[in-house]
2 protein chains.
Amino acid sequence: MNVRGGATRAQIVDAADRLFYRQGYEHTSFAAIAEAVRISRGNFYHHFKSKDLILDAVIEARLADARRMLEQWETEHADPGDRVRRFVEILLANRADIQSYGCPVGTLTSELAKLDHAALGEANSLFTLFRAWLRDQFTLLGHAEEADALAMHVLAMTQGVATLANAFKDEDFIRREVRRINDWLDTYTTT
Amino acid sequence: MNVRGGATRAQIVDAADRLFYRQGYEHTSFAAIAEAVRISRGNFYHHFKSKDLILDAVIEARLADARRMLEQWETEHADPGDRVRRFVEILLANRADIQSYGCPVGTLTSELAKLDHAALGEANSLFTLFRAWLRDQFTLLGHAEEADALAMHVLAMTQGVATLANAFKDEDFIRREVRRINDWLDTYTTT
DNA sequence: CAAAGCTTAGGACAGCTGTCCTAGGATCGA
DNA sequence: TCGATCCTAGGACAGCTGTCCTAAGCTTTG
């Protein structure tokens with residue numbers, strides 16, 4: 001593969017990622033991605049034989065990013081409680097995008113479920129990644145038995161906040177709910 | 001308007017409602033709705049000049065249904081706390097649909113947001129309806145000052161549960177979270 | 001009964017979709 | 001330098017989309 005070849009492919013995945021997030025998977029056409037990368041549709045087809053394959057690549061890229069992010073947090077925070085807090089604070093860090101487009105994981109999963117798309121399982125593995133990671137943190141905090149339930153609860157709260165923040169575009173609401181989640185976390189993380 | 005005319009229109013709205021919920025708005029074509037109602041596309045166009053107008057009618061129908069439901073609850077439960085519990089228990093009553101297709105309000109809102117669709121405001125008014133109703137209940141319970149924040153919190157939790165139930169298709173998770181929400185509600189509803 | 005209006009069917013239309021083909025240009029290895 | 005491989009462009013294709021038209025049937029009203 002050429003030097004530029006890999007770069008083009010990465011650009012396609014990058015543009016598709018952004019467009020899928022902002023406009024939805026189905027609503028984003030081949031032509032739109034090609035235009036965003038400024039290549040012809042013919043060239044496009046050389047890199048990805050079908051739209052489904054772009055989706056696969058996008059999900060893989062998101063998975064890789066997420067893994068990198070979680071590993072990063074593990075080096076930055078020794079305390080598992082702080083790691084969970086860092087996870088919840090994604091809502092604040094990405095509040096602008098969340099208000100405009102919702103959660104990238106939740107909205108993709110829900111769209112693919114409605115489309116009955118083959119890649120739904122892969123998209124769900126994004127949720128599974130976070131779920132397992134959160135479970136590990138709660139286990140480290142000494143709540144092994146209910147760790148998975150707690151992980152799911154954190155996921156549910158963040159998803160709910162993202163959905164409503166998208167609907168009402170209310171930044172104060174996000175801050176309030178993050179504070180509430182953090183207060184709740186204190187119950188499980190106070191030394 | 002003929003007797004059968006109104007019935008056909010209602011059938012169209014009904015079929016569109018179901019299809020929009022199960023497949024998403026964009027993914028549902030004129031032809032699919034027409035086939036579900038067993039009428040020709042020409043006839044279809046006589047009742048609705050555009051796809052957007054069907055969406056408007058579907059949202060209006062959902063709003064009317066929701067209003068009826070909330071009024072019903074007000075006659076059935078004298079205690080505002082019980083009314084809020086009844087709201088949360090939608091998650092259990094509709095658990096099969098929620099696991100398959102998510103929340104009808106949340107998924108529609110999030111799809112229309114991505115499509116940048118003109119009817120997004122109308123779809124959001126479904127959320128607003130529930131928000132205002134919940135706010136009223138919390139006000140009646142003596143929490144006027146934080147009533148709106150509590151209403152939003154209930155909405156957020158139910159949305160989060162719906163999203164994850166859809167992703168993981170886990171009925172135990174739904175039951176667990178409903179119990180958790182009810183426990184939380186006890187804090188605000190115990191006499 | 002007759003006219004008017006409502007309802008229905010079926011097909012036509014342009015535009016967009018994902019897919020695919022061909023052919024020329026760039027880059028690499030020997 | 002020369003052949004092989006990769007990359008790119010542009011267009012063709014069938015199929016589906018929402019929209020619209022026309023003409024025939026039906027129901028209601030006078």
# chains A, B, ... in the order shown; residues from 1 in each chain; ligands from 1
call {"tool": "interface_residues", "arguments": {"of": "chain A", "to": "chain C", "cutoff": "9 Å", "atoms": "only C-alpha atoms (C1' of nucleotides)", "output": "mmCIF file with N, CA and C atoms, in the first residue's frame"}}
result
data_model
loop_
_atom_site.group_PDB
_atom_site.id
_atom_site.type_symbol
_atom_site.label_atom_id
_atom_site.label_comp_id
_atom_site.auth_asym_id
_atom_site.auth_seq_id
_atom_site.Cartn_x
_atom_site.Cartn_y
_atom_site.Cartn_z
ATOM 1 N N ASN A 2 0.466 2.210 -0.754
ATOM 2 C CA ASN A 2 1.173 3.470 -0.822
ATOM 3 C C ASN A 2 1.105 4.230 0.493
ATOM 4 N N SER A 29 -24.806 9.731 2.592
ATOM 5 C CA SER A 29 -24.612 9.008 1.328
ATOM 6 C C SER A 29 -23.136 8.874 0.987
ATOM 7 N N PHE A 30 -22.869 7.889 0.151
ATOM 8 C CA PHE A 30 -21.538 7.751 -0.435
ATOM 9 C C PHE A 30 -21.035 9.096 -0.960
ATOM 10 N N GLY A 42 -15.646 6.905 -7.669
ATOM 11 C CA GLY A 42 -14.918 5.749 -8.173
ATOM 12 C C GLY A 42 -13.749 5.397 -7.269
ATOM 13 N N TYR A 45 -14.859 3.846 -4.061
ATOM 14 C CA TYR A 45 -15.192 2.427 -4.135
ATOM 15 C C TYR A 45 -13.942 1.553 -4.117
ATOM 16 N N LYS A 49 -15.590 -1.358 -0.552
ATOM 17 C CA LYS A 49 -16.463 -1.984 -1.542
ATOM 18 C C LYS A 49 -17.940 -1.739 -1.271
ATOM 19 N N SER A 50 -18.294 -1.412 -0.047
ATOM 20 C CA SER A 50 -19.705 -1.173 0.259
ATOM 21 C C SER A 50 -19.831 -0.222 1.442
ATOM 22 N N LYS A 51 -21.024 0.302 1.595
ATOM 23 C CA LYS A 51 -21.275 1.245 2.683
ATOM 24 C C LYS A 51 -21.149 0.539 4.034
#
call {"tool": "interface_residues", "arguments": {"of": "chain D", "to": "chain B", "cutoff": "8 Å", "atoms": "only C-alpha atoms (C1' of nucleotides)", "output": "mmCIF file with N, CA and C atoms (P, O5', C5', C4', C3', O3' and C1' of nucleotides), in the first residue's frame"}}
result
data_model
loop_
_atom_site.group_PDB
_atom_site.id
_atom_site.type_symbol
_atom_site.label_atom_id
_atom_site.label_comp_id
_atom_site.auth_asym_id
_atom_site.auth_seq_id
_atom_site.Cartn_x
_atom_site.Cartn_y
_atom_site.Cartn_z
ATOM 1 P P DT D 17 -38.273 2.556 -1.506
ATOM 2 O "O5'" DT D 17 -38.220 4.138 -1.611
ATOM 3 C "C5'" DT D 17 -37.079 4.845 -1.136
ATOM 4 C "C4'" DT D 17 -37.192 6.300 -1.527
ATOM 5 C "C3'" DT D 17 -38.579 6.874 -1.408
ATOM 6 O "O3'" DT D 17 -38.769 7.353 -0.094
ATOM 7 C "C1'" DT D 17 -37.514 7.580 -3.444
ATOM 8 P P DG D 18 -40.227 7.789 0.356
ATOM 9 O "O5'" DG D 18 -40.486 9.212 -0.305
ATOM 10 C "C5'" DG D 18 -39.624 10.298 -0.010
ATOM 11 C "C4'" DG D 18 -39.995 11.484 -0.881
ATOM 12 C "C3'" DG D 18 -41.414 12.005 -0.685
ATOM 13 O "O3'" DG D 18 -41.408 13.429 -0.761
ATOM 14 C "C1'" DG D 18 -41.141 11.294 -2.934
ATOM 15 P P DT D 19 -42.780 14.205 -0.627
ATOM 16 O "O5'" DT D 19 -43.226 14.372 -2.146
ATOM 17 C "C5'" DT D 19 -42.415 15.121 -3.019
ATOM 18 C "C4'" DT D 19 -42.976 15.085 -4.434
ATOM 19 C "C3'" DT D 19 -44.402 15.649 -4.579
ATOM 20 O "O3'" DT D 19 -44.335 16.834 -5.351
ATOM 21 C "C1'" DT D 19 -44.091 13.647 -5.847
ATOM 22 P P DT D 27 -70.173 3.199 -2.160
ATOM 23 O "O5'" DT D 27 -70.452 4.694 -1.673
ATOM 24 C "C5'" DT D 27 -69.397 5.433 -1.078
ATOM 25 C "C4'" DT D 27 -69.848 6.854 -0.797
ATOM 26 C "C3'" DT D 27 -71.239 6.970 -0.189
ATOM 27 O "O3'" DT D 27 -71.167 7.790 0.959
ATOM 28 C "C1'" DT D 27 -71.055 8.377 -2.100
#
call {"tool": "closest_residue", "arguments": {"among": "A:Trp133, A:Tyr101, A:Phe48, A:Trp184", "to": "chain B", "atoms": "only C-alpha atoms"}}
result
A:Tyr101
call {"tool": "interface_residues", "arguments": {"of": "chain A", "to": "chain B", "cutoff": "10 Å", "atoms": "only C-alpha atoms", "output": "MDAnalysis selection string"}}
result
chainID A and resid 19:28 99:103 106:116 120:121 123:125 127:128 149 152:168 173 176:177 180
call {"tool": "closest_residue", "arguments": {"among": "B:Thr8, B:Asp52, B:Val105, B:Gln72", "to": "His117 (chain B)", "atoms": "only C-alpha atoms"}}
result
B:Asp52
call {"tool": "atom_distance", "arguments": {"atom1": "CA of Leu55 (chain B)", "atom2": "CA of Leu70 (chain B)"}}
result
22.4 Å
call {"tool": "select_by_dssp", "arguments": {"residues": "chain A", "states": "alpha helix (DSSP H)", "output": "number ranges by chain"}}
result
A: 3-23, 30-37, 41-47, 51-76, 80-88, 90-93, 95-101, 104-115, 120-140, 147-168, 171-189
call {"tool": "write_last_selection", "arguments": {"atoms": "C-alpha atoms", "output": "short mmCIF file (atom, residue, chain, number, x, y, z; two decimals), in the first residue's frame"}}
result
data_model
loop_
_atom_site.label_atom_id
_atom_site.label_comp_id
_atom_site.auth_asym_id
_atom_site.auth_seq_id
_atom_site.Cartn_x
_atom_site.Cartn_y
_atom_site.Cartn_z
CA VAL A 3 1.93 6.07 1.75
CA ARG A 4 -0.92 8.25 0.57
CA GLY A 5 -3.22 5.26 0.21
CA GLY A 6 -3.40 4.63 3.91
CA ALA A 7 -3.88 8.31 4.53
CA THR A 8 -6.81 8.49 2.15
CA ARG A 9 -8.43 5.53 3.80
CA ALA A 10 -8.00 7.12 7.19
CA GLN A 11 -9.47 10.35 5.88
CA ILE A 12 -12.51 8.49 4.59
CA VAL A 13 -13.05 6.78 7.92
CA ASP A 14 -12.61 10.08 9.70
CA ALA A 15 -15.09 11.93 7.49
CA ALA A 16 -17.58 9.06 7.63
CA ASP A 17 -17.28 8.97 11.40
CA ARG A 18 -18.13 12.65 11.67
CA LEU A 19 -20.97 12.48 9.16
CA PHE A 20 -22.49 9.32 10.64
CA TYR A 21 -22.48 11.03 14.00
CA ARG A 22 -23.97 14.30 12.81
CA GLN A 23 -26.43 13.11 10.18
CA PHE A 30 -21.54 7.75 -0.43
CA ALA A 31 -21.51 11.00 -2.37
CA ALA A 32 -21.52 13.08 0.81
CA ILE A 33 -18.51 11.28 2.26
CA ALA A 34 -16.67 11.42 -1.05
CA GLU A 35 -17.31 15.14 -1.29
CA ALA A 36 -16.11 15.68 2.29
CA VAL A 37 -12.82 13.92 1.48
CA ARG A 41 -16.93 8.12 -6.01
CA GLY A 42 -14.92 5.75 -8.17
CA ASN A 43 -11.87 6.23 -6.00
CA PHE A 44 -14.06 5.82 -2.98
CA TYR A 45 -15.19 2.43 -4.13
CA HIS A 46 -11.60 1.37 -4.50
CA HIS A 47 -11.11 1.80 -0.74
CA LYS A 51 -21.27 1.24 2.68
CA ASP A 52 -21.47 -1.47 5.32
CA LEU A 53 -17.70 -1.84 5.23
CA ILE A 54 -17.23 1.86 5.95
CA LEU A 55 -19.51 1.46 8.93
CA ASP A 56 -17.43 -1.47 10.15
CA ALA A 57 -14.28 0.60 9.83
CA VAL A 58 -15.85 3.54 11.65
CA ILE A 59 -16.94 1.35 14.53
CA GLU A 60 -13.49 -0.22 14.74
CA ALA A 61 -11.95 3.23 14.82
CA ARG A 62 -14.30 4.30 17.59
CA LEU A 63 -13.49 1.16 19.53
CA ALA A 64 -9.76 1.82 19.19
CA ASP A 65 -10.22 5.43 20.30
CA ALA A 66 -12.27 4.36 23.27
CA ARG A 67 -9.71 1.77 24.34
CA ARG A 68 -6.96 4.34 24.09
CA MET A 69 -9.01 6.76 26.16
CA LEU A 70 -9.71 4.24 28.90
CA GLU A 71 -6.07 3.18 29.07
CA GLN A 72 -5.08 6.80 29.30
CA TRP A 73 -7.36 7.32 32.26
CA GLU A 74 -5.92 4.32 34.01
CA THR A 75 -2.48 5.88 33.87
CA GLU A 76 -3.76 9.31 34.90
CA PRO A 80 -10.95 3.78 40.29
CA GLY A 81 -13.51 6.22 41.66
CA ASP A 82 -11.77 9.09 39.90
CA ARG A 83 -11.75 7.05 36.69
CA VAL A 84 -15.50 6.59 36.84
CA ARG A 85 -15.89 10.29 37.50
CA ARG A 86 -13.75 10.97 34.47
CA PHE A 87 -16.08 8.80 32.44
CA VAL A 88 -19.15 10.71 33.62
CA ILE A 90 -17.42 13.11 29.16
CA LEU A 91 -20.88 14.64 29.30
CA LEU A 92 -19.35 17.98 30.20
CA ALA A 93 -16.31 17.77 27.99
CA ARG A 95 -21.48 18.95 25.91
CA ALA A 96 -21.62 21.00 22.72
CA ASP A 97 -21.65 17.94 20.45
CA ILE A 98 -24.00 16.07 22.74
CA GLN A 99 -26.50 18.89 22.66
CA SER A 100 -26.34 18.99 18.89
CA TYR A 101 -26.09 15.30 18.02
CA PRO A 104 -22.27 8.87 19.41
CA VAL A 105 -22.69 5.39 20.87
CA GLY A 106 -26.31 5.56 21.91
CA THR A 107 -27.63 7.19 18.76
CA LEU A 108 -25.72 4.84 16.46
CA THR A 109 -26.88 1.77 18.34
CA SER A 110 -30.46 2.91 18.30
CA GLU A 111 -30.36 3.75 14.59
CA LEU A 112 -28.84 0.40 13.65
CA ALA A 113 -31.43 -1.39 15.79
CA LYS A 114 -34.20 0.25 13.78
CA LEU A 115 -32.51 -0.51 10.48
CA LEU A 120 -25.60 -3.68 15.28
CA GLY A 121 -23.61 -6.24 17.21
CA GLU A 122 -20.37 -4.42 16.54
CA ALA A 123 -21.91 -1.11 17.57
CA ASN A 124 -23.13 -2.69 20.78
CA SER A 125 -19.62 -3.83 21.54
CA LEU A 126 -18.85 -0.16 22.15
CA PHE A 127 -21.34 -0.25 24.97
CA THR A 128 -19.92 -3.55 26.12
CA LEU A 129 -16.43 -2.07 26.25
CA PHE A 130 -17.52 0.71 28.58
CA ARG A 131 -19.68 -1.65 30.58
CA ALA A 132 -16.80 -4.05 31.23
CA TRP A 133 -14.43 -1.21 32.06
CA LEU A 134 -16.87 0.36 34.51
CA ARG A 135 -17.48 -3.06 36.04
CA ASP A 136 -13.75 -3.44 36.60
CA GLN A 137 -13.58 -0.07 38.35
CA PHE A 138 -16.44 -0.92 40.71
CA THR A 139 -14.85 -4.28 41.41
CA LEU A 140 -11.64 -2.52 42.34
CA ALA A 147 -20.23 -4.22 39.92
CA ASP A 148 -22.04 -5.03 36.69
CA ALA A 149 -25.34 -3.57 37.90
CA LEU A 150 -23.52 -0.41 38.95
CA ALA A 151 -21.78 -0.23 35.59
CA MET A 152 -25.11 -0.52 33.78
CA HIS A 153 -26.56 2.13 36.04
CA VAL A 154 -23.80 4.58 35.19
CA LEU A 155 -24.29 3.87 31.50
CA ALA A 156 -28.04 4.36 31.83
CA MET A 157 -27.67 7.70 33.57
CA THR A 158 -25.19 9.05 31.06
CA GLN A 159 -27.35 7.88 28.16
CA GLY A 160 -30.41 9.49 29.65
CA VAL A 161 -28.63 12.78 30.18
CA ALA A 162 -27.30 12.73 26.62
CA THR A 163 -30.73 12.04 25.13
CA LEU A 164 -32.42 14.85 27.04
CA ALA A 165 -29.55 17.27 26.56
CA ASN A 166 -29.95 16.66 22.83
CA ALA A 167 -33.71 17.27 23.01
CA PHE A 168 -33.69 20.34 25.23
CA GLU A 171 -26.38 22.97 29.51
CA ASP A 172 -27.45 23.64 33.11
CA PHE A 173 -29.33 20.36 33.05
CA ILE A 174 -26.14 18.51 32.10
CA ARG A 175 -24.19 20.15 34.90
CA ARG A 176 -26.92 19.40 37.41
CA GLU A 177 -27.13 15.74 36.44
CA VAL A 178 -23.37 15.26 36.43
CA ARG A 179 -23.26 16.69 39.92
CA ARG A 180 -26.04 14.34 40.94
CA ILE A 181 -24.22 11.32 39.53
CA ASN A 182 -21.04 12.35 41.29
CA ASP A 183 -22.91 12.68 44.59
CA TRP A 184 -24.31 9.23 44.05
CA LEU A 185 -20.83 7.93 43.27
CA ASP A 186 -19.61 9.24 46.62
CA THR A 187 -21.74 6.54 48.22
CA TYR A 188 -19.56 3.94 46.57
CA THR A 189 -16.18 5.63 46.51
#
call {"tool": "atom_distance", "arguments": {"atom1": "CA of Asn94 (chain B)", "atom2": "CA of His77 (chain B)"}}
result
20.0 Å
